[in-house]
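Student: Below is query-v9.cif; it holds mmCIF, C-alpha atoms (C1' of nucleotides).
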```cif
data_final
loop_
_atom_site.group_PDB
_atom_site.id
_atom_site.type_symbol
_atom_site.label_atom_id
_atom_site.label_comp_id
_atom_site.auth_asym_id
_atom_site.auth_seq_id
_atom_site.Cartn_x
_atom_site.Cartn_y
_atom_site.Cartn_z
ATOM 1 C CA MET A 29 -77.574 72.406 52.909
ATOM 2 C CA THR A 30 -74.293 70.660 53.442
ATOM 3 C CA ALA A 31 -75.700 68.350 56.079
ATOM 4 C CA GLY A 32 -77.878 65.407 55.127
ATOM 5 C CA SER A 33 -78.475 61.728 55.474
ATOM 6 C CA ALA A 34 -76.371 61.020 52.429
ATOM 7 C CA LEU A 35 -73.397 62.460 54.237
ATOM 8 C CA GLU A 36 -73.811 60.384 57.346
ATOM 9 C CA CYS A 37 -70.682 58.304 56.882
ATOM 10 C CA CYS A 38 -67.355 59.954 57.110
ATOM 11 C CA ALA A 39 -67.201 63.329 58.733
ATOM 12 C CA PRO A 40 -64.252 65.429 57.679
ATOM 13 C CA LEU A 41 -61.197 63.326 58.195
ATOM 14 C CA LEU A 42 -58.925 66.196 58.948
ATOM 15 C CA ALA A 43 -61.096 68.420 61.097
ATOM 16 C CA LYS A 44 -61.278 66.237 64.162
ATOM 17 C CA ALA A 45 -59.584 63.078 65.355
ATOM 18 C CA ILE A 46 -61.078 60.158 63.496
ATOM 19 C CA GLN A 47 -62.124 57.054 65.404
ATOM 20 C CA PRO A 48 -60.740 53.622 64.462
ATOM 21 C CA GLU A 49 -64.074 52.272 63.223
ATOM 22 C CA GLU A 50 -64.718 55.324 61.111
ATOM 23 C CA ALA A 51 -61.192 55.131 59.745
ATOM 24 C CA GLU A 52 -61.904 51.551 58.748
ATOM 25 C CA ARG A 53 -65.154 52.514 57.029
ATOM 26 C CA LEU A 54 -63.628 55.391 55.128
ATOM 27 C CA ALA A 55 -60.564 53.379 54.212
ATOM 28 C CA ALA A 56 -62.753 50.616 52.832
ATOM 29 C CA LEU A 57 -64.520 53.119 50.622
ATOM 30 C CA LEU A 58 -61.267 54.610 49.396
ATOM 31 C CA ARG A 59 -59.794 51.181 48.804
ATOM 32 C CA VAL A 60 -62.650 50.438 46.443
ATOM 33 C CA LEU A 61 -61.595 53.455 44.397
ATOM 34 C CA GLY A 62 -57.924 52.592 44.609
ATOM 35 C CA GLU A 63 -58.146 50.326 41.603
ATOM 36 C CA PRO A 64 -57.530 51.567 38.062
ATOM 37 C CA ALA A 65 -60.042 49.186 36.540
ATOM 38 C CA ARG A 66 -62.773 50.427 38.849
ATOM 39 C CA LEU A 67 -61.950 54.068 38.181
ATOM 40 C CA ARG A 68 -62.161 53.401 34.478
ATOM 41 C CA LEU A 69 -65.486 51.664 34.950
ATOM 42 C CA LEU A 70 -66.851 54.638 36.852
ATOM 43 C CA SER A 71 -65.509 57.065 34.296
ATOM 44 C CA THR A 72 -66.925 55.068 31.413
ATOM 45 C CA ILE A 73 -70.338 54.788 33.018
ATOM 46 C CA ALA A 74 -70.390 58.468 33.961
ATOM 47 C CA THR A 75 -69.564 59.604 30.464
ATOM 48 C CA GLN A 76 -72.200 57.542 28.687
ATOM 49 C CA PRO A 77 -74.861 59.768 27.142
ATOM 50 C CA GLU A 78 -77.510 58.293 29.432
ATOM 51 C CA GLY A 79 -75.220 58.159 32.442
ATOM 52 C CA GLU A 80 -75.561 54.419 32.620
ATOM 53 C CA ALA A 81 -74.100 51.264 31.121
ATOM 54 C CA CYS A 82 -74.600 47.520 31.201
ATOM 55 C CA VAL A 83 -71.861 44.952 31.675
ATOM 56 C CA CYS A 84 -71.667 44.122 28.001
ATOM 57 C CA GLN A 85 -70.833 47.741 27.212
ATOM 58 C CA LEU A 86 -67.969 47.772 29.651
ATOM 59 C CA THR A 87 -66.115 44.582 28.961
ATOM 60 C CA GLU A 88 -64.594 45.476 25.628
ATOM 61 C CA PRO A 89 -63.429 49.089 26.213
ATOM 62 C CA LEU A 90 -61.623 48.046 29.368
ATOM 63 C CA GLY A 91 -60.005 44.958 27.922
ATOM 64 C CA LEU A 92 -61.091 42.857 30.866
ATOM 65 C CA SER A 93 -62.983 39.590 30.998
ATOM 66 C CA GLN A 94 -66.694 39.625 31.735
ATOM 67 C CA PRO A 95 -66.278 37.956 35.141
ATOM 68 C CA THR A 96 -63.719 40.545 36.124
ATOM 69 C CA VAL A 97 -65.980 43.400 35.096
ATOM 70 C CA SER A 98 -68.888 41.847 36.972
ATOM 71 C CA HIS A 99 -66.692 41.465 39.997
ATOM 72 C CA HIS A 100 -65.644 45.111 39.993
ATOM 73 C CA LEU A 101 -69.192 46.300 39.471
ATOM 74 C CA LYS A 102 -70.281 44.241 42.411
ATOM 75 C CA VAL A 103 -67.602 45.811 44.561
ATOM 76 C CA LEU A 104 -68.599 49.312 43.447
ATOM 77 C CA TYR A 105 -72.241 48.500 44.044
ATOM 78 C CA GLY A 106 -71.453 47.080 47.449
ATOM 79 C CA ALA A 107 -69.691 50.315 48.337
ATOM 80 C CA GLY A 108 -72.766 52.313 47.368
ATOM 81 C CA LEU A 109 -70.971 54.041 44.520
ATOM 82 C CA LEU A 110 -73.155 52.455 41.847
ATOM 83 C CA GLU A 111 -76.808 51.574 41.696
ATOM 84 C CA ARG A 112 -78.084 48.769 39.512
ATOM 85 C CA GLU A 113 -81.294 48.211 37.635
ATOM 86 C CA ARG A 114 -82.224 45.110 35.732
ATOM 87 C CA ARG A 115 -83.987 45.716 32.442
ATOM 88 C CA GLY A 116 -84.655 42.494 30.636
ATOM 89 C CA ALA A 117 -81.509 40.470 30.263
ATOM 90 C CA TRP A 118 -79.345 43.494 30.916
ATOM 91 C CA VAL A 119 -78.282 45.094 34.159
ATOM 92 C CA TYR A 120 -77.625 48.809 34.026
ATOM 93 C CA TYR A 121 -75.282 50.564 36.408
ATOM 94 C CA ARG A 122 -75.400 54.235 37.299
ATOM 95 C CA LEU A 123 -73.411 56.490 39.630
ATOM 96 C CA VAL A 124 -74.659 57.480 43.062
ATOM 97 C CA PRO A 125 -73.457 61.095 43.214
ATOM 98 C CA THR A 126 -74.136 61.572 46.920
ATOM 99 C CA ARG A 127 -71.664 58.844 47.647
ATOM 100 C CA PHE A 128 -68.930 60.801 45.955
ATOM 101 C CA GLU A 129 -69.931 63.896 47.833
ATOM 102 C CA VAL A 130 -69.396 61.961 51.028
ATOM 103 C CA LEU A 131 -65.854 61.331 49.977
ATOM 104 C CA ARG A 132 -65.261 64.907 48.916
ATOM 105 C CA GLN A 133 -66.378 66.119 52.281
ATOM 106 C CA ALA A 134 -64.280 63.585 54.144
ATOM 107 C CA LEU A 135 -61.221 64.764 52.248
ATOM 108 C CA SER A 136 -61.794 68.465 52.759
ATOM 109 C CA VAL A 137 -58.920 70.130 54.522
ATOM 110 C CA PRO A 138 -59.917 72.674 57.123
ATOM 111 C CA ASP A 139 -58.010 75.920 57.246
ATOM 112 C CA VAL A 140 -55.005 75.367 59.420
ATOM 113 C CA PRO A 141 -54.676 78.337 61.727
ATOM 114 C CA SER A 142 -51.696 80.326 60.603
ATOM 115 C CA CYS A 143 -48.790 80.865 62.943
ATOM 116 C CA GLU A 144 -49.836 84.457 63.555
ATOM 117 C CA ALA A 145 -53.420 83.442 64.268
ATOM 118 C CA ARG A 146 -52.284 80.911 66.817
ATOM 119 C CA ILE A 147 -50.043 83.408 68.531
ATOM 120 C CA THR A 148 -52.870 85.919 68.604
ATOM 121 C CA ALA A 149 -55.188 83.325 70.069
ATOM 122 C CA GLU A 150 -52.720 82.615 72.825
ATOM 123 C CA LEU A 151 -52.666 86.285 73.736
ATOM 124 C CA VAL A 152 -56.398 86.516 74.152
ATOM 125 C CA MET B 1 -40.435 57.297 45.703
ATOM 126 C CA THR B 2 -40.807 60.748 44.241
ATOM 127 C CA ALA B 3 -43.034 63.268 45.945
ATOM 128 C CA GLY B 4 -43.876 65.087 42.732
ATOM 129 C CA SER B 5 -45.773 68.318 42.423
ATOM 130 C CA ALA B 6 -48.799 68.588 44.622
ATOM 131 C CA LEU B 7 -50.828 70.039 41.788
ATOM 132 C CA GLU B 8 -50.192 67.519 39.072
ATOM 133 C CA CYS B 9 -52.416 64.578 38.291
ATOM 134 C CA CYS B 10 -56.056 63.830 38.216
ATOM 135 C CA ALA B 11 -58.573 65.793 36.204
ATOM 136 C CA PRO B 12 -62.202 65.121 37.108
ATOM 137 C CA LEU B 13 -62.672 61.389 36.916
ATOM 138 C CA LEU B 14 -66.304 61.480 35.983
ATOM 139 C CA ALA B 15 -66.494 64.372 33.547
ATOM 140 C CA LYS B 16 -64.602 62.797 30.685
ATOM 141 C CA ALA B 17 -63.291 59.350 29.881
ATOM 142 C CA ILE B 18 -60.205 58.731 31.930
ATOM 143 C CA GLN B 19 -57.088 57.322 30.274
ATOM 144 C CA PRO B 20 -55.470 54.146 31.609
ATOM 145 C CA GLU B 21 -52.314 55.898 32.801
ATOM 146 C CA GLU B 22 -54.273 58.568 34.608
ATOM 147 C CA ALA B 23 -56.499 55.905 36.129
ATOM 148 C CA GLU B 24 -53.374 54.234 37.428
ATOM 149 C CA ARG B 25 -52.039 57.469 38.905
ATOM 150 C CA LEU B 26 -55.289 58.368 40.588
ATOM 151 C CA ALA B 27 -55.821 54.821 41.830
ATOM 152 C CA ALA B 28 -52.369 54.818 43.359
ATOM 153 C CA LEU B 29 -53.192 57.986 45.252
ATOM 154 C CA LEU B 30 -56.499 56.622 46.475
ATOM 155 C CA ARG B 31 -54.900 53.340 47.437
ATOM 156 C CA VAL B 32 -52.573 55.245 49.729
ATOM 157 C CA LEU B 33 -55.622 56.588 51.536
ATOM 158 C CA GLY B 34 -57.382 53.234 51.557
ATOM 159 C CA GLU B 35 -55.671 52.219 54.751
ATOM 160 C CA PRO B 36 -57.139 52.891 58.190
ATOM 161 C CA ALA B 37 -53.773 53.381 59.818
ATOM 162 C CA ARG B 38 -52.830 56.034 57.292
ATOM 163 C CA LEU B 39 -56.133 57.841 57.648
ATOM 164 C CA ARG B 40 -55.663 57.919 61.373
ATOM 165 C CA LEU B 41 -52.150 59.251 60.929
ATOM 166 C CA LEU B 42 -53.420 62.035 58.700
ATOM 167 C CA SER B 43 -56.228 62.845 61.087
ATOM 168 C CA THR B 44 -53.933 62.881 64.062
ATOM 169 C CA ILE B 45 -51.414 65.130 62.364
ATOM 170 C CA ALA B 46 -54.107 67.476 61.074
ATOM 171 C CA THR B 47 -55.652 67.911 64.482
ATOM 172 C CA GLN B 48 -52.459 68.735 66.324
ATOM 173 C CA PRO B 49 -52.472 72.316 67.552
ATOM 174 C CA GLU B 50 -49.535 73.167 65.296
ATOM 175 C CA GLY B 51 -50.799 71.048 62.420
ATOM 176 C CA GLU B 52 -47.741 68.868 62.574
ATOM 177 C CA ALA B 53 -46.396 65.852 64.419
ATOM 178 C CA CYS B 54 -43.252 63.789 64.672
ATOM 179 C CA VAL B 55 -43.056 60.010 64.568
ATOM 180 C CA CYS B 56 -42.715 59.658 68.304
ATOM 181 C CA GLN B 57 -46.029 61.457 68.792
ATOM 182 C CA LEU B 58 -47.834 59.075 66.471
ATOM 183 C CA THR B 59 -46.649 55.661 67.550
ATOM 184 C CA GLU B 60 -48.467 55.417 70.837
ATOM 185 C CA PRO B 61 -51.920 56.820 69.989
ATOM 186 C CA LEU B 62 -52.189 54.489 67.001
ATOM 187 C CA GLY B 63 -50.979 51.396 68.791
ATOM 188 C CA LEU B 64 -48.545 50.568 66.009
ATOM 189 C CA SER B 65 -44.849 49.871 66.119
ATOM 190 C CA GLN B 66 -42.429 52.629 65.228
ATOM 191 C CA PRO B 67 -41.279 50.922 62.000
ATOM 192 C CA THR B 68 -44.876 50.589 60.876
ATOM 193 C CA VAL B 69 -45.591 54.245 61.545
ATOM 194 C CA SER B 70 -42.432 55.267 59.711
ATOM 195 C CA HIS B 71 -43.466 53.068 56.817
ATOM 196 C CA HIS B 72 -46.896 54.642 56.523
ATOM 197 C CA LEU B 73 -45.492 58.155 56.793
ATOM 198 C CA LYS B 74 -43.087 57.367 54.009
ATOM 199 C CA VAL B 75 -45.934 56.171 51.814
ATOM 200 C CA LEU B 76 -47.967 59.282 52.556
ATOM 201 C CA TYR B 77 -44.955 61.462 51.886
ATOM 202 C CA GLY B 78 -44.255 59.631 48.656
ATOM 203 C CA ALA B 79 -47.804 60.311 47.556
ATOM 204 C CA GLY B 80 -47.333 64.006 48.203
ATOM 205 C CA LEU B 81 -49.930 64.053 50.958
ATOM 206 C CA LEU B 82 -47.423 64.927 53.666
ATOM 207 C CA GLU B 83 -44.376 67.128 53.769
ATOM 208 C CA ARG B 84 -41.540 66.471 56.143
ATOM 209 C CA GLU B 85 -39.093 68.687 57.929
ATOM 210 C CA ARG B 86 -36.252 67.581 60.113
ATOM 211 C CA ARG B 87 -35.715 69.604 63.257
ATOM 212 C CA GLY B 88 -32.939 68.194 65.339
ATOM 213 C CA ALA B 89 -33.476 64.558 66.074
ATOM 214 C CA TRP B 90 -37.155 64.800 65.169
ATOM 215 C CA VAL B 91 -38.868 64.717 61.825
ATOM 216 C CA TYR B 92 -42.099 66.659 61.635
ATOM 217 C CA TYR B 93 -44.845 65.811 59.195
ATOM 218 C CA ARG B 94 -47.497 68.205 57.947
ATOM 219 C CA LEU B 95 -50.401 67.939 55.494
ATOM 220 C CA VAL B 96 -50.182 69.206 51.928
ATOM 221 C CA PRO B 97 -53.680 70.651 51.495
ATOM 222 C CA THR B 98 -53.447 71.116 47.734
ATOM 223 C CA ARG B 99 -52.957 67.408 47.338
ATOM 224 C CA PHE B 100 -56.299 66.760 48.983
ATOM 225 C CA GLU B 101 -57.916 69.381 46.805
ATOM 226 C CA VAL B 102 -56.650 67.451 43.808
ATOM 227 C CA LEU B 103 -58.531 64.438 45.054
ATOM 228 C CA ARG B 104 -61.660 66.376 45.808
ATOM 229 C CA GLN B 105 -61.676 67.701 42.300
ATOM 230 C CA ALA B 106 -61.058 64.302 40.776
ATOM 231 C CA LEU B 107 -64.033 62.924 42.672
ATOM 232 C CA SER B 108 -66.439 65.710 41.803
ATOM 233 C CA VAL B 109 -69.498 64.434 40.011
ATOM 234 C CA PRO B 110 -70.661 66.622 37.160
ATOM 235 C CA ASP B 111 -74.360 67.265 36.814
ATOM 236 C CA VAL B 112 -75.807 64.440 34.799
ATOM 237 C CA PRO B 113 -78.212 65.943 32.296
ATOM 238 C CA SER B 114 -81.693 65.015 33.380
ATOM 239 C CA CYS B 115 -83.879 62.899 31.146
ATOM 240 C CA GLU B 116 -85.937 65.922 30.159
ATOM 241 C CA ALA B 117 -82.850 67.955 29.386
ATOM 242 C CA ARG B 118 -81.546 65.254 27.107
ATOM 243 C CA ILE B 119 -84.819 64.979 25.275
ATOM 244 C CA THR B 120 -84.909 68.739 24.877
ATOM 245 C CA ALA B 121 -81.369 68.724 23.570
ATOM 246 C CA GLU B 122 -82.278 66.137 20.997
ATOM 247 C CA LEU B 123 -85.073 68.350 19.742
ATOM 248 C CA VAL B 124 -82.835 71.332 19.176
ATOM 249 C "C1'" DC C 9 -89.711 23.146 27.128
ATOM 250 C "C1'" DA C 10 -85.361 24.192 24.821
ATOM 251 C "C1'" DT C 11 -82.005 27.351 23.505
ATOM 252 C "C1'" DC C 12 -79.383 31.395 23.475
ATOM 253 C "C1'" DA C 13 -77.590 35.660 25.486
ATOM 254 C "C1'" DA C 14 -76.385 38.449 29.560
ATOM 255 C "C1'" DT C 15 -74.752 38.332 34.025
ATOM 256 C "C1'" DA C 16 -73.082 36.203 38.358
ATOM 257 C "C1'" DT C 17 -70.453 32.878 41.019
ATOM 258 C "C1'" DT C 18 -66.715 29.598 42.094
ATOM 259 C "C1'" DG C 19 -62.097 28.154 42.528
ATOM 260 C "C1'" DA C 20 -57.328 28.785 41.704
ATOM 261 C "C1'" DC C 21 -53.175 31.465 41.149
ATOM 262 C "C1'" DG C 22 -50.040 35.204 41.637
ATOM 263 C "C1'" DT C 23 -49.141 39.786 43.344
ATOM 264 C "C1'" DT C 24 -49.383 43.420 46.562
ATOM 265 C "C1'" DC C 25 -48.835 44.972 50.991
ATOM 266 C "C1'" DA C 26 -49.399 45.662 56.265
ATOM 267 C "C1'" DT C 27 -46.977 44.351 60.092
ATOM 268 C "C1'" DC C 28 -43.268 43.343 63.194
ATOM 269 C "C1'" DA C 29 -38.461 42.129 65.049
ATOM 270 C "C1'" DA C 30 -33.983 43.132 64.218
ATOM 271 C "C1'" DT C 31 -30.781 46.254 62.667
ATOM 272 C "C1'" DA C 32 -28.895 50.448 60.596
ATOM 273 C "C1'" DT C 33 -28.560 55.442 60.334
ATOM 274 C "C1'" DT C 34 -28.760 60.056 62.068
ATOM 275 C "C1'" DT C 35 -28.599 63.584 65.598
ATOM 276 C "C1'" DT C 36 -27.871 65.301 70.255
ATOM 277 C "C1'" DA C 37 -25.709 65.376 74.694
ATOM 278 C "C1'" DT C 38 -22.048 64.322 77.815
ATOM 279 C "C1'" DA D 6 -15.507 59.975 71.038
ATOM 280 C "C1'" DT D 7 -19.197 57.418 73.294
ATOM 281 C "C1'" DA D 8 -23.788 56.756 74.530
ATOM 282 C "C1'" DA D 9 -28.555 57.509 74.037
ATOM 283 C "C1'" DA D 10 -32.641 58.795 71.491
ATOM 284 C "C1'" DA D 11 -35.306 59.339 67.159
ATOM 285 C "C1'" DT D 12 -36.050 57.683 62.790
ATOM 286 C "C1'" DA D 13 -35.341 54.656 58.743
ATOM 287 C "C1'" DT D 14 -34.426 50.252 56.474
ATOM 288 C "C1'" DT D 15 -34.376 45.223 55.852
ATOM 289 C "C1'" DG D 16 -36.301 40.757 55.707
ATOM 290 C "C1'" DA D 17 -39.912 37.624 56.704
ATOM 291 C "C1'" DT D 18 -44.695 36.272 57.131
ATOM 292 C "C1'" DG D 19 -49.501 36.161 56.463
ATOM 293 C "C1'" DA D 20 -53.646 38.185 54.651
ATOM 294 C "C1'" DA D 21 -56.190 40.652 51.080
ATOM 295 C "C1'" DC D 22 -57.338 40.902 46.415
ATOM 296 C "C1'" DG D 23 -57.242 41.242 41.047
ATOM 297 C "C1'" DT D 24 -57.605 38.214 37.368
ATOM 298 C "C1'" DC D 25 -59.234 34.486 34.533
ATOM 299 C "C1'" DA D 26 -61.377 29.903 32.996
ATOM 300 C "C1'" DA D 27 -65.079 27.212 33.960
ATOM 301 C "C1'" DT D 28 -69.578 26.932 35.400
ATOM 302 C "C1'" DA D 29 -74.030 28.412 37.229
ATOM 303 C "C1'" DT D 30 -77.998 31.408 37.048
ATOM 304 C "C1'" DT D 31 -81.327 34.395 35.088
ATOM 305 C "C1'" DG D 32 -84.236 36.262 31.429
ATOM 306 C "C1'" DA D 33 -85.943 36.374 26.575
ATOM 307 C "C1'" DT D 34 -87.531 33.948 22.614
ATOM 308 C "C1'" DG D 35 -89.251 30.522 19.640
#
```
Could I get this structure in the form of structure tokens?

Tutor:
Amino acid sequence: MTAGSALECCAPLLAKAIQPEEAERLAALLRVLGEPARLRLLSTIATQPEGEACVCQLTEPLGLSQPTVSHHLKVLYGAGLLERERRGAWVYYRLVPTRFEVLRQALSVPDVPSCEARITAELV
Amino acid sequence: MTAGSALECCAPLLAKAIQPEEAERLAALLRVLGEPARLRLLSTIATQPEGEACVCQLTEPLGLSQPTVSHHLKVLYGAGLLERERRGAWVYYRLVPTRFEVLRQALSVPDVPSCEARITAELV
DNA sequence: CATCAATATTGACGTTCATCAATATTTTAT
DNA sequence: ATAAAATATTGATGAACGTCAATATTGATG
């Protein structure tokens, strides 16, 4: 249930020692989200009634130029966080929920063995 | 840089429209994690038997200079992701699990009503 | 084909930030 | 008190990147 191809990237960060290449991959994904404009784009898209939005719907509420919005959408798309679909002259963007689940799993903190538990373990 | 409460900040990003200030707060937190060196620091600390590590334990496995490691730890501490405790000449760093839970919640994707569900809703 | 609208790309500029060497500060041990 | 070890700070440098104006591309329409 919890395992799946969508969760391939980014095993739990904090459960076992992460390798440099995986750290780079995960960091790149997090860096994409580390931008207020991109978070607002995601939030705006996610809260549309249809769960999707085109560029022209996003420019004005964010107060950013059209090239800037296009740039951010491209970055989000490149990170797999958005999918795009052209319909006529418009391009609609939609969230890729599995991609967010990947992140949630990577950031899950395993139970740290309590002091007592560790002492008990040593006695066994 | 203020550590702040581990529990403040960041309602679900994708459930309701995020406000600019909250986007900035959440982005700042994600930006802290968007760095491979910092992810590796977190992973290394989390996987220590005692769940903690001092600077001198982290410099060598990461291949970074001591000032750089201290810098990253300060950033992580400032973001509330690490807590620090001085014991003698050493300073031990430990994860703050609730802070990661905050992130996991912020990144949770609500169920997008399916097309059929929306059509049904419109008929009611 | 010509024109308009939506989106994407290019190039430039300024800011942010990771990194290190050098140095300062703090704590322990003699 | 002096020295040594651990950690933190400072200052400098180079790279990454957000932003926009200008321009290119793509699709629809007459």

Student: Once the PyMOL selection byres ((chain D and resi 24-33) around 6) has been evaluated on this model, what residues remain selected, and can you format them as a list in words?

Tutor: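 Taken over the shown coordinates, the PyMOL selection byres ((chain D and resi 24-33) around 6) returns Ala117 of chain A; DG23 and DT34 of chain D.
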
Student: Under the PyMOL selection byres ((chain C) within 9 of (chain A)), which residues of this model are included? Write them out as a PyMOL selection string.

Tutor: chain C and resi 13-17

Student: Just fit chain A onto chain B on all the Cα atoms, in order, by least squares, and give it as a compact mmCIF listing (two decimals) with C-alpha atoms, keeping the file's coordinate frame.

Tutor:
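Heads up, here's the output in result_12.txt:
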```
# COMPACT_ATOMS: atom_id res chain seq x y z
CA MET A 29 -57.07 79.31 39.84
CA THR A 30 -58.16 75.71 39.81
CA ALA A 31 -55.42 74.67 37.42
CA GLY A 32 -51.85 74.28 38.61
CA SER A 33 -48.83 72.07 38.73
CA ALA A 34 -49.97 70.58 42.00
CA LEU A 35 -53.01 69.23 40.24
CA GLU A 36 -51.13 67.59 37.43
CA CYS A 37 -51.92 64.02 38.42
CA CYS A 38 -55.43 62.82 38.22
CA ALA A 39 -57.83 64.82 36.16
CA PRO A 40 -61.45 64.39 37.13
CA LEU A 41 -62.13 60.71 37.15
CA LEU A 42 -65.73 61.02 36.18
CA ALA A 43 -65.65 63.76 33.58
CA LYS A 44 -63.85 61.89 30.85
CA ALA A 45 -62.79 58.31 30.24
CA ILE A 46 -59.76 57.60 32.37
CA GLN A 47 -56.76 55.87 30.84
CA PRO A 48 -55.38 52.64 32.36
CA GLU A 49 -52.11 54.22 33.51
CA GLU A 50 -53.89 57.13 35.12
CA ALA A 51 -56.32 54.74 36.77
CA GLU A 52 -53.35 52.89 38.20
CA ARG A 53 -51.78 56.09 39.51
CA LEU A 54 -54.97 57.33 41.10
CA ALA A 55 -55.78 53.92 42.52
CA ALA A 56 -52.35 53.73 44.11
CA LEU A 57 -52.94 57.06 45.80
CA LEU A 58 -56.36 56.02 47.05
CA ARG A 59 -55.03 52.68 48.23
CA VAL A 60 -52.58 54.52 50.45
CA LEU A 61 -55.53 56.20 52.12
CA GLY A 62 -57.53 53.01 52.32
CA GLU A 63 -55.92 52.04 55.59
CA PRO A 64 -57.38 53.02 58.95
CA ALA A 65 -53.99 53.34 60.60
CA ARG A 66 -52.82 55.76 57.93
CA LEU A 67 -55.98 57.84 58.15
CA ARG A 68 -55.53 58.08 61.88
CA LEU A 69 -51.92 59.12 61.40
CA LEU A 70 -52.95 61.86 59.00
CA SER A 71 -55.72 63.01 61.29
CA THR A 72 -53.44 63.05 64.31
CA ILE A 73 -50.74 64.99 62.50
CA ALA A 74 -53.24 67.45 61.05
CA THR A 75 -54.78 68.21 64.41
CA GLN A 76 -51.54 68.88 66.25
CA PRO A 77 -51.27 72.53 67.25
CA GLU A 78 -48.25 73.00 65.00
CA GLY A 79 -49.66 70.84 62.22
CA GLU A 80 -46.78 68.44 62.54
CA ALA A 81 -45.68 65.44 64.57
CA CYS A 82 -42.69 63.16 64.98
CA VAL A 83 -42.82 59.38 65.08
CA CYS A 84 -42.54 59.23 68.84
CA GLN A 85 -45.71 61.30 69.18
CA LEU A 86 -47.66 58.94 66.99
CA THR A 87 -46.77 55.52 68.26
CA GLU A 88 -48.63 55.60 71.54
CA PRO A 89 -51.96 57.22 70.54
CA LEU A 90 -52.38 54.75 67.72
CA GLY A 91 -51.43 51.68 69.70
CA LEU A 92 -49.06 50.52 67.00
CA SER A 93 -45.41 49.53 67.18
CA GLN A 94 -42.76 52.04 66.17
CA PRO A 95 -41.74 50.06 63.07
CA THR A 96 -45.33 49.93 61.93
CA VAL A 97 -45.77 53.66 62.38
CA SER A 98 -42.53 54.32 60.52
CA HIS A 99 -43.69 52.05 57.75
CA HIS A 100 -46.99 53.87 57.33
CA LEU A 101 -45.33 57.26 57.40
CA LYS A 102 -42.98 56.13 54.71
CA VAL A 103 -45.89 55.03 52.57
CA LEU A 104 -47.68 58.34 53.10
CA TYR A 105 -44.50 60.23 52.35
CA GLY A 106 -43.91 58.16 49.25
CA ALA A 107 -47.40 59.06 48.05
CA GLY A 108 -46.65 62.75 48.49
CA LEU A 109 -49.26 63.14 51.20
CA LEU A 110 -46.72 63.97 53.89
CA GLU A 111 -43.50 65.92 53.88
CA ARG A 112 -40.73 65.19 56.33
CA GLU A 113 -38.13 67.33 58.02
CA ARG A 114 -35.38 66.10 60.26
CA ARG A 115 -34.69 68.26 63.29
CA GLY A 116 -32.04 66.75 65.47
CA ALA A 117 -32.88 63.20 66.36
CA TRP A 118 -36.51 63.70 65.46
CA VAL A 119 -38.24 63.58 62.12
CA TYR A 120 -41.32 65.74 61.78
CA TYR A 121 -44.11 64.96 59.36
CA ARG A 122 -46.56 67.48 57.96
CA LEU A 123 -49.46 67.31 55.50
CA VAL A 124 -49.11 68.34 51.87
CA PRO A 125 -52.50 70.01 51.31
CA THR A 126 -52.19 70.25 47.53
CA ARG A 127 -52.00 66.50 47.39
CA PHE A 128 -55.39 66.22 48.99
CA GLU A 129 -56.77 68.80 46.63
CA VAL A 130 -55.65 66.58 43.79
CA LEU A 131 -57.78 63.83 45.19
CA ARG A 132 -60.75 66.08 45.78
CA GLN A 133 -60.66 67.19 42.20
CA ALA A 134 -60.29 63.67 40.88
CA LEU A 135 -63.38 62.65 42.82
CA SER A 136 -65.55 65.56 41.75
CA VAL A 137 -68.68 64.44 40.00
CA PRO A 138 -69.64 66.52 37.00
CA ASP A 139 -73.27 67.44 36.57
CA VAL A 140 -74.92 64.62 34.73
CA PRO A 141 -77.14 66.11 32.07
CA SER A 142 -80.70 65.60 33.13
CA CYS A 143 -83.05 63.59 30.97
CA GLU A 144 -84.79 66.73 29.78
CA ALA A 145 -81.50 68.42 28.94
CA ARG A 146 -80.42 65.46 26.87
CA ILE A 147 -83.69 65.38 25.00
CA THR A 148 -83.44 69.10 24.36
CA ALA A 149 -79.90 68.68 23.09
CA GLU A 150 -81.04 66.04 20.66
CA LEU A 151 -83.61 68.42 19.25
CA VAL A 152 -81.10 71.13 18.52
```

Student: Report as CSV the residues of chain A within 7 Å of chain B, each with its shortest atom pair and distance in Å (one decimal), using only C-alpha atoms, ordered by chain and increasing residue number.

Tutor:
```
residue,atom,partner,partner_atom,distance
A:Leu41,CA,B:Ser43,CA,5.8
A:Leu42,CA,B:Ser43,CA,4.8
A:Ala43,CA,B:Thr47,CA,6.4
A:Lys44,CA,B:Thr47,CA,5.9
A:Ala45,CA,B:Ser43,CA,5.4
A:Ile46,CA,B:Ser43,CA,6.0
A:Ala51,CA,B:Pro36,CA,4.9
A:Glu52,CA,B:Pro36,CA,5.0
A:Ala55,CA,B:Gly34,CA,4.1
A:Ala56,CA,B:Gly34,CA,6.1
A:Leu58,CA,B:Gly34,CA,4.7
A:Arg59,CA,B:Gly34,CA,4.2
A:Leu61,CA,B:Leu30,CA,6.3
A:Gly62,CA,B:Ala27,CA,4.1
A:Glu63,CA,B:Ala27,CA,5.1
A:Pro64,CA,B:Ala23,CA,4.9
A:Leu67,CA,B:Ala23,CA,6.1
A:Arg68,CA,B:Ile18,CA,6.2
A:Leu70,CA,B:Leu14,CA,6.9
A:Ser71,CA,B:Leu14,CA,4.8
A:Thr72,CA,B:Ala17,CA,5.8
A:Ala74,CA,B:Leu14,CA,5.5
A:Thr75,CA,B:Lys16,CA,5.9
A:Gly79,CA,B:Val112,CA,6.7
A:Pro125,CA,B:Val109,CA,6.1
A:Phe128,CA,B:Leu107,CA,6.3
A:Arg132,CA,B:Arg104,CA,5.0
A:Leu135,CA,B:Phe100,CA,6.2
A:Ser136,CA,B:Phe100,CA,6.9
A:Val137,CA,B:Pro97,CA,6.1
A:Val140,CA,B:Gly51,CA,6.7
```
